[in-house]
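S.K.: Provided below: my_file.cif, containing mmCIF, C-alpha atoms and all ligand atoms.
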data_my_file
#
loop_
_atom_site.label_atom_id
_atom_site.label_comp_id
_atom_site.auth_asym_id
_atom_site.auth_seq_id
_atom_site.Cartn_x
_atom_site.Cartn_y
_atom_site.Cartn_z
CA MET F 1 93.55 146.70 20.37
CA THR F 2 93.52 144.99 23.75
CA ALA F 3 96.79 144.05 25.39
CA PRO F 4 97.54 140.30 25.56
CA ALA F 5 96.77 138.72 28.93
CA ALA F 6 99.81 138.51 31.18
CA ALA F 7 101.28 135.03 31.52
CA PRO F 8 100.30 133.45 34.85
CA TYR F 9 103.09 133.90 37.34
CA ASP F 10 104.17 130.71 39.06
CA ALA F 11 105.96 131.73 42.23
CA PRO F 12 108.70 129.23 43.09
CA VAL F 13 107.76 126.93 45.97
CA PRO F 14 109.96 127.78 48.97
CA ARG F 15 112.45 125.13 50.10
CA LEU F 16 112.76 124.00 53.69
CA ASP F 17 116.34 125.26 54.10
CA ALA F 18 115.35 128.72 52.79
CA LEU F 19 112.38 128.87 55.12
CA ILE F 20 114.48 127.93 58.15
CA SER F 21 117.08 130.48 57.12
CA ARG F 22 114.49 133.31 56.82
CA ASN F 23 112.74 132.48 60.05
CA LEU F 24 115.76 131.92 62.26
CA GLY F 25 118.08 134.49 60.71
CA LEU F 26 120.67 131.82 59.83
CA SER F 27 122.69 131.59 56.63
CA ARG F 28 121.83 128.80 54.19
CA ARG F 29 125.23 127.28 54.96
CA GLN F 30 124.47 127.19 58.71
CA VAL F 31 121.12 125.55 57.99
CA ALA F 32 122.79 122.98 55.72
CA ARG F 33 125.20 122.10 58.52
CA LEU F 34 122.38 121.63 61.03
CA MET F 35 120.47 119.40 58.62
CA ARG F 36 123.50 117.32 57.74
CA ALA F 37 124.19 116.78 61.43
CA GLY F 38 120.64 115.45 61.91
CA ARG F 39 119.68 118.26 64.27
CA VAL F 40 116.53 119.27 62.35
CA CYS F 41 113.48 117.02 62.87
CA ASP F 42 109.75 117.14 62.38
CA GLN F 43 107.40 117.02 65.35
CA ALA F 44 107.29 113.22 65.24
CA GLY F 45 111.07 113.13 65.69
CA GLN F 46 111.79 112.21 62.05
CA ARG F 47 115.07 113.65 60.78
CA LEU F 48 114.60 116.28 58.08
CA ASP F 49 117.67 116.17 55.89
CA GLU F 50 116.28 117.02 52.46
CA ARG F 51 117.26 120.67 52.13
CA GLY F 52 115.13 121.23 49.02
CA LEU F 53 111.96 119.84 50.59
CA PRO F 54 109.14 121.95 49.11
CA CYS F 55 107.10 123.89 51.68
CA ARG F 56 103.96 125.34 50.09
CA PRO F 57 102.57 128.50 51.69
CA SER F 58 99.09 126.98 51.26
CA ASP F 59 100.09 124.24 53.75
CA GLY F 60 100.33 126.93 56.44
CA PRO F 61 103.16 127.46 58.90
CA GLN F 62 105.45 124.44 59.25
CA THR F 63 106.90 123.29 62.54
CA VAL F 64 110.43 121.96 62.96
CA VAL F 65 112.35 120.87 66.02
CA ILE F 66 116.01 121.88 66.20
CA ASP F 67 117.99 120.54 69.16
CA ASP F 68 114.80 120.00 71.19
CA THR F 69 113.48 123.52 70.51
CA THR F 70 110.30 123.79 68.48
CA HIS F 71 110.16 126.52 65.83
CA VAL F 72 107.14 127.57 63.79
CA LEU F 73 108.25 128.58 60.30
CA TYR F 74 106.19 131.32 58.68
CA HIS F 75 105.97 132.16 54.98
CA ARG F 76 104.58 135.61 55.76
CA PHE F 77 103.71 137.57 58.86
CA GLU F 78 101.53 140.59 59.53
CA LEU F 79 100.72 142.61 62.59
CA LEU F 80 99.21 145.83 63.86
CA LEU F 81 101.16 148.09 66.19
CA HIS F 82 99.96 150.83 68.53
CA LYS F 83 102.71 153.30 67.68
CA PRO F 84 103.47 155.59 70.62
CA VAL F 85 104.28 159.29 70.27
CA GLY F 86 108.08 159.80 70.22
CA VAL F 87 109.12 156.84 68.04
CA VAL F 88 109.97 157.14 64.34
CA THR F 89 108.54 154.92 61.63
CA ALA F 90 111.90 153.60 60.50
CA HIS F 91 114.12 150.55 60.75
CA ARG F 92 117.05 152.62 61.99
CA ASP F 93 117.44 156.11 63.37
CA ALA F 94 120.35 157.91 64.98
CA ARG F 95 118.25 160.17 67.24
CA HIS F 96 114.98 158.49 68.18
CA PRO F 97 113.73 155.05 69.15
CA THR F 98 112.18 153.24 66.18
CA ALA F 99 108.82 151.58 65.73
CA TYR F 100 110.67 148.63 64.20
CA ALA F 101 112.56 148.00 67.45
CA LEU F 102 109.19 147.52 69.18
CA LEU F 103 108.64 144.46 66.99
CA GLU F 104 111.80 142.66 68.14
CA GLY F 105 111.22 138.91 68.47
CA THR F 106 108.25 138.69 66.09
CA PRO F 107 108.33 136.07 63.32
CA LEU F 108 110.16 137.18 60.16
CA HIS F 109 111.17 140.38 61.97
CA ARG F 110 113.88 141.19 59.41
CA ASP F 111 111.37 141.18 56.52
CA LEU F 112 108.65 143.33 58.10
CA ARG F 113 107.76 146.60 56.33
CA SER F 114 105.37 149.27 57.60
CA VAL F 115 102.27 150.19 55.63
CA GLY F 116 102.91 153.91 55.25
CA ARG F 117 104.36 156.04 58.01
CA LEU F 118 103.28 158.07 61.00
CA ASP F 119 105.09 161.20 62.16
CA LEU F 120 107.26 161.18 65.27
CA ASP F 121 104.50 163.08 67.10
CA THR F 122 101.63 160.90 65.83
CA SER F 123 100.36 157.88 67.72
CA GLY F 124 98.09 155.09 66.58
CA LEU F 125 97.58 152.29 64.14
CA LEU F 126 100.58 151.18 62.11
CA LEU F 127 100.27 148.01 60.05
CA TRP F 128 103.27 145.82 59.18
CA THR F 129 103.68 143.02 56.67
CA THR F 130 106.37 140.93 54.97
CA ASP F 131 104.43 141.20 51.69
CA GLY F 132 105.84 144.10 49.61
CA THR F 133 103.04 143.87 47.05
CA LEU F 134 100.48 144.35 49.79
CA VAL F 135 102.35 147.42 51.12
CA HIS F 136 102.25 148.90 47.62
CA ARG F 137 98.52 148.31 47.25
CA LEU F 138 97.57 149.57 50.67
CA THR F 139 99.47 152.82 50.17
CA HIS F 140 98.83 153.49 46.47
CA PRO F 141 96.29 156.27 45.76
CA ARG F 142 94.57 154.07 43.13
CA TYR F 143 93.39 151.76 45.91
CA ALA F 144 92.15 154.74 47.96
CA VAL F 145 92.17 152.90 51.30
CA PRO F 146 90.47 155.21 53.86
CA ARG F 147 92.49 156.19 56.94
CA GLU F 148 90.75 157.79 59.91
CA TYR F 149 92.52 160.09 62.37
CA HIS F 150 91.42 161.62 65.66
CA VAL F 151 92.82 165.07 66.22
CA GLY F 152 93.30 167.63 69.02
CA LEU F 153 93.44 171.21 67.68
CA ALA F 154 94.77 174.45 69.14
CA ARG F 155 91.77 176.45 67.81
CA PRO F 156 88.58 176.02 65.79
CA PHE F 157 88.90 175.27 62.07
CA GLU F 158 86.96 176.52 59.05
CA ASP F 159 84.79 174.21 56.98
CA PRO F 160 86.63 172.92 53.91
CA THR F 161 85.46 173.87 50.42
CA PRO F 162 85.74 171.57 47.38
CA GLN F 163 88.54 173.88 46.16
CA LEU F 164 90.71 173.10 49.22
CA ARG F 165 94.39 172.85 48.17
CA LEU F 166 97.46 172.38 50.36
CA ASP F 167 100.63 174.48 50.23
CA ASP F 168 102.02 172.30 47.38
CA GLY F 169 98.78 172.44 45.34
CA HIS F 170 97.72 168.91 46.40
CA ALA F 171 93.93 168.35 46.61
CA PRO F 172 93.51 166.14 49.70
CA GLY F 173 91.37 163.02 49.32
CA LEU F 174 88.97 164.09 52.03
CA VAL F 175 86.32 161.46 52.78
CA ALA F 176 84.87 162.84 56.04
CA LEU F 177 85.56 165.61 58.55
CA GLN F 178 83.60 166.34 61.68
CA ARG F 179 83.95 168.20 64.94
CA CYS F 180 83.72 165.86 67.95
CA GLU F 181 83.45 165.87 71.71
CA GLU F 182 86.73 165.05 73.41
CA ALA F 183 85.04 162.16 75.21
CA SER F 184 84.39 160.42 71.87
CA MET F 185 88.06 160.43 70.91
CA HIS F 186 90.03 157.15 70.87
CA PRO F 187 91.92 156.50 74.14
CA ALA F 188 95.19 156.37 72.15
CA LEU F 189 94.95 160.10 71.32
CA ARG F 190 97.29 162.12 73.54
CA ARG F 191 95.33 164.76 75.48
CA SER F 192 97.36 168.01 75.51
CA ALA F 193 96.24 171.00 77.53
CA ARG F 194 96.59 173.10 74.35
CA ALA F 195 93.84 171.19 72.54
CA GLN F 196 90.71 173.40 72.39
CA GLN F 197 88.79 171.41 69.79
CA HIS F 198 88.61 167.79 68.66
CA ALA F 199 87.80 166.29 65.28
CA SER F 200 87.71 163.11 63.26
CA ILE F 201 89.07 163.20 59.72
CA THR F 202 89.13 160.43 57.10
CA LEU F 203 91.39 160.58 54.04
CA ARG F 204 91.97 158.26 51.12
CA THR F 205 95.41 159.74 50.45
CA GLY F 206 98.56 159.63 52.58
CA ARG F 207 100.77 162.57 51.70
CA PHE F 208 103.54 163.94 53.88
CA HIS F 209 102.08 165.64 57.01
CA GLU F 210 98.72 165.65 55.23
CA VAL F 211 96.44 165.95 58.26
CA ARG F 212 98.59 168.69 59.82
CA ARG F 213 98.67 170.60 56.52
CA ILE F 214 94.91 170.27 56.00
CA PHE F 215 94.13 171.81 59.39
CA ALA F 216 96.75 174.52 58.79
CA ALA F 217 94.94 175.35 55.53
CA LEU F 218 91.69 175.52 57.52
CA GLY F 219 93.17 178.05 59.94
CA SER F 220 93.97 175.74 62.85
CA GLU F 221 96.92 173.77 64.25
CA VAL F 222 97.14 170.07 65.10
CA VAL F 223 98.55 169.50 68.57
CA ASP F 224 97.61 165.82 69.02
CA LEU F 225 97.16 163.27 66.24
CA CYS F 226 96.29 159.59 66.28
CA ARG F 227 95.43 157.19 63.45
CA VAL F 228 92.53 155.05 64.62
CA ARG F 229 91.56 153.11 61.46
CA TYR F 230 93.11 151.83 58.22
CA GLY F 231 90.52 150.39 55.81
CA ASP F 232 88.20 148.57 58.19
CA ILE F 233 90.94 147.75 60.70
CA VAL F 234 90.44 149.69 63.92
CA LEU F 235 93.14 150.23 66.54
CA PRO F 236 91.95 148.06 69.46
CA PRO F 237 91.18 150.51 72.31
CA ALA F 238 92.71 148.17 74.89
CA LEU F 239 96.03 147.74 73.04
CA ALA F 240 98.64 149.68 75.03
CA ALA F 241 101.11 152.04 73.33
CA GLY F 242 104.06 150.04 72.01
CA GLU F 243 102.13 146.76 71.95
CA HIS F 244 101.24 144.77 68.83
CA ASP F 245 98.86 142.02 67.74
CA PRO F 246 99.12 139.57 64.85
CA ILE F 247 96.57 140.07 62.09
CA ASP F 248 95.90 138.47 58.69
CA LEU F 249 96.07 141.52 56.40
CA GLN F 250 95.87 139.46 53.21
CA ALA F 251 92.50 138.13 54.34
CA ARG F 252 91.28 141.50 55.61
CA PHE F 253 92.12 143.23 52.32
CA ALA F 254 91.27 140.30 50.01
CA GLY F 255 88.53 142.27 48.25
CA LEU F 256 90.66 145.38 47.66
CA SER F 257 90.65 146.60 44.06
CA PRO F 258 91.76 149.81 42.37
CA VAL F 259 89.27 152.65 42.20
CA PRO F 260 88.55 153.55 38.55
CA SER F 261 89.92 156.98 37.77
CA LYS F 262 89.92 159.27 34.73
CA ALA F 263 92.90 161.15 36.08
CA PRO F 264 96.45 160.10 35.02
CA PRO F 265 97.91 157.54 37.46
CA SER F 266 99.64 159.05 40.48
CA PRO F 267 102.83 157.70 42.06
CA PRO F 268 102.56 155.82 45.38
CA ASP F 269 102.20 158.11 48.37
CA GLN F 270 105.66 158.79 49.74
CA GLY F 271 104.79 160.57 52.92
CA THR F 272 102.98 159.74 56.08
CA GLY F 273 99.78 157.78 56.09
N1 LIG X 301 99.04 163.04 58.55
C1 LIG X 301 99.96 163.74 59.27
O1 LIG X 301 100.03 164.95 59.20
N2 LIG X 301 100.78 163.02 60.09
C2 LIG X 301 100.72 161.69 60.22
O2 LIG X 301 101.49 161.10 60.99
C3 LIG X 301 99.76 160.99 59.47
C4 LIG X 301 98.94 161.70 58.64
#
Taking this structure as input, can you express it in the form of structure tokens?

M.R.:
Amino acid sequence: MTAPAAAPYDAPVPRLDALISRNLGLSRRQVARLMRAGRVCDQAGQRLDERGLPCRPSDGPQTVVIDDTTHVLYHRFELLLHKPVGVVTAHRDARHPTAYALLEGTPLHRDLRSVGRLDLDTSGLLLWTTDGTLVHRLTHPRYAVPREYHVGLARPFEDPTPQLRLDDGHAPGLVALQRCEEASMHPALRRSARAQQHASITLRTGRFHEVRRIFAALGSEVVDLCRVRYGDIVLPPALAAGEHDPIDLQARFAGLSPVPSKAPPSPPDQGTG
């Protein structure tokens, strides 16, 4: 018997006061006060005092003027960050600077979530979005989004066999692995003197320390690691460490669908990647 089709989900249309509150980090009460006082206008100078005014995401970002300052109100926001070595992928951390702090001042900053994580010592491409469903899809093994890393290694590694398993029994989702010349590595890869060999590795899984554990299982040691691609999004070579660019991830991953699998469903990847 086939399961009944799910009822279509009608997301509530956001209200103007809620949108202003999300974008400017104000409480709904503060927004109500501003609107009542006639301090919120459209670009033509018309007072906006209907708090429940519907603002459809399909209409695109809305612009309001509050006390002569123009604000663009976003429904969602997405960006790519060149994560430097030495920052943690977290919103808060007692010991290290955070990748989140590098995004200060971006639209909807409070709602941004990273797509997976990179280790403290890993640099490279880290995507961020306010859309939790998209984060889930981009990190879930069923969607098998390929991630490419450039790697500096302390010594040569052995070729992997199909039986390759990591220390916890995990079979890595290896898509490609090749030895490379250092000159072909992405400029965002740190160049340590200890690195004797370079490689490019592409995985469709994102387990904890997966790249480091793969090379350990192949008899080597990762000394420098940089993620250079997520799906078909490449870290722009000219984007400096710590810098970010806006990007429309929903459009870039619009065609993403789960990969059919005979294996029982796995939980979302909890680790790096
Ligand atoms: N694999 C790792 O070992 N570390 C990362 O940061 C990402 C993938």

S.K.: For Leu203 of chain F, which of F:Ala183, F:Leu225, F:Tyr230, F:Val175 is the closest residue, counting only C-alpha atoms?

M.R.: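 Answer, going by the shortest atom-to-atom distance: F:Val175.
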
S.K.: Can you pull out every residue with an atom within 8 Å of ligand LIG 301 (chain X)? Use all atoms listed in the file and format it as a ChimeraX atom specification.

M.R.: /F:117-123,149,206-213,225-227,272-273

S.K.: Between F:Ala240, F:Leu164, F:Leu126, F:Val223, single out the one closest to Gln196 of chain F, counting only C-alpha atoms.

M.R.: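 Comparing F:Ala240, F:Leu164, F:Leu126, F:Val223 against Gln196 of chain F, the winner is F:Val223.
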
S.K.: What does the distance between atom CA of Pro107 of chain F and atom CA of Gly86 of chain F come to in Å, to one decimal place?

M.R.: 24.7 Å

S.K.: Quick one: everything within 9 Å of Asp111 of chain F, counting only C-alpha atoms, minus sequence neighbours fewer than 4 positions away in the same chain. Send it as number ranges by chain.

M.R.: F: 22, 76-77, 129-131

S.K.: Between F:Pro156, F:Gly105, F:Pro14, F:Gly116, which one has atoms that come closest to Val88 of chain F, using all atoms listed in the file?

M.R.: F:Gly116

S.K.: Using all atoms listed in the file, which of F:His96, F:Lys83, F:His186, F:Arg204 sits nearest His244 of chain F?

M.R.: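 Of the candidates, the smallest distance to His244 of chain F is held by F:Lys83.
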
S.K.: Need the shell around segment 63-66 of chain F: protein/DNA/RNA residues with any atom at most 6 Å away, counting only C-alpha atoms. Skip same-chain ones fewer than 6 positions apart. Format as a list in words?

M.R.: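 The contact residues come out as Arg39, Val40, Cys41, Asp42, Val72 and Leu73 of chain F.
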
S.K.: What is the distance between atom CA of Leu80 of chain F and atom CA of Asp17 of chain F, in Å to one decimal?

M.R.: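 For atom CA of Leu80 of chain F relative to atom CA of Asp17 of chain F, the distance reads 28.5 Å.
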
S.K.: How far is it from atom CA of Thr202 of chain F to atom CA of Arg142 of chain F, in Å with one decimal?

M.R.: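 Computing it gives 16.3 Å between the two atoms.
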
S.K.: Find the residue from F:Asp67, F:Ala144, F:Leu112, F:Val31 that sits nearest to Gly45 of chain F; use only C-alpha atoms when measuring.

M.R.: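 Using only C-alpha atoms, the shortest distance to Gly45 of chain F belongs to F:Asp67.
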
S.K.: Could you check the closest approach to Ile214 of chain F for each of F:Ser261, F:Gln197, F:Gln46, F:Thr161 and tell me which residue wins, using all atoms listed in the file?

M.R.: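 Of F:Ser261, F:Gln197, F:Gln46, F:Thr161, the one nearest Ile214 of chain F, counting all atoms listed in the file, is F:Thr161.
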
S.K.: If we count all atoms listed in the file and set the cut-off at 9 Å, which residues sit around Asp159 of chain F, ignoring sequence neighbours fewer than 2 positions away in its own chain? Please answer as a PyMOL selection string.

M.R.: chain F and resi 157+161+177+218

S.K.: Atoms are missing here; could segment 195-211 of chain F be completed with N, CA and C atoms and written as an mmCIF file, in the frame of the given file?

M.R.:
data_model
loop_
_atom_site.group_PDB
_atom_site.id
_atom_site.type_symbol
_atom_site.label_atom_id
_atom_site.label_comp_id
_atom_site.auth_asym_id
_atom_site.auth_seq_id
_atom_site.Cartn_x
_atom_site.Cartn_y
_atom_site.Cartn_z
ATOM 1 N N ALA F 195 94.911 171.553 73.480
ATOM 2 C CA ALA F 195 93.840 171.190 72.540
ATOM 3 C C ALA F 195 92.514 171.815 72.967
ATOM 4 N N GLN F 196 91.964 172.687 72.101
ATOM 5 C CA GLN F 196 90.710 173.400 72.390
ATOM 6 C C GLN F 196 89.534 172.797 71.631
ATOM 7 N N GLN F 197 89.854 172.021 70.602
ATOM 8 C CA GLN F 197 88.790 171.410 69.790
ATOM 9 C C GLN F 197 89.249 170.024 69.348
ATOM 10 N N HIS F 198 88.273 169.141 69.123
ATOM 11 C CA HIS F 198 88.610 167.790 68.660
ATOM 12 C C HIS F 198 87.848 167.485 67.380
ATOM 13 N N ALA F 199 88.427 166.598 66.575
ATOM 14 C CA ALA F 199 87.800 166.290 65.280
ATOM 15 C C ALA F 199 88.195 164.888 64.847
ATOM 16 N N SER F 200 87.380 164.365 63.926
ATOM 17 C CA SER F 200 87.710 163.110 63.260
ATOM 18 C C SER F 200 87.819 163.424 61.776
ATOM 19 N N ILE F 201 88.886 162.939 61.143
ATOM 20 C CA ILE F 201 89.070 163.200 59.720
ATOM 21 C C ILE F 201 89.441 161.892 59.023
ATOM 22 N N THR F 202 88.819 161.638 57.869
ATOM 23 C CA THR F 202 89.130 160.430 57.100
ATOM 24 C C THR F 202 89.615 160.833 55.719
ATOM 25 N N LEU F 203 90.767 160.260 55.331
ATOM 26 C CA LEU F 203 91.390 160.580 54.040
ATOM 27 C C LEU F 203 91.605 159.310 53.246
ATOM 28 N N ARG F 204 91.590 159.422 51.914
ATOM 29 C CA ARG F 204 91.970 158.260 51.120
ATOM 30 C C ARG F 204 93.321 158.486 50.436
ATOM 31 N N THR F 205 94.048 159.498 50.912
ATOM 32 C CA THR F 205 95.410 159.740 50.450
ATOM 33 C C THR F 205 96.320 159.777 51.678
ATOM 34 N N GLY F 206 97.628 159.679 51.448
ATOM 35 C CA GLY F 206 98.560 159.630 52.580
ATOM 36 C C GLY F 206 99.806 160.432 52.325
ATOM 37 N N ARG F 207 99.610 161.707 51.968
ATOM 38 C CA ARG F 207 100.770 162.570 51.700
ATOM 39 C C ARG F 207 101.466 162.993 52.983
ATOM 40 N N PHE F 208 102.689 163.486 52.781
ATOM 41 C CA PHE F 208 103.540 163.940 53.880
ATOM 42 C C PHE F 208 102.803 164.981 54.740
ATOM 43 N N HIS F 209 102.695 164.707 56.046
ATOM 44 C CA HIS F 209 102.080 165.640 57.010
ATOM 45 C C HIS F 209 100.679 166.090 56.566
ATOM 46 N N GLU F 210 99.959 165.202 55.892
ATOM 47 C CA GLU F 210 98.720 165.650 55.230
ATOM 48 C C GLU F 210 97.684 166.205 56.201
ATOM 49 N N VAL F 211 97.479 165.490 57.328
ATOM 50 C CA VAL F 211 96.440 165.950 58.260
ATOM 51 C C VAL F 211 96.851 167.305 58.857
#
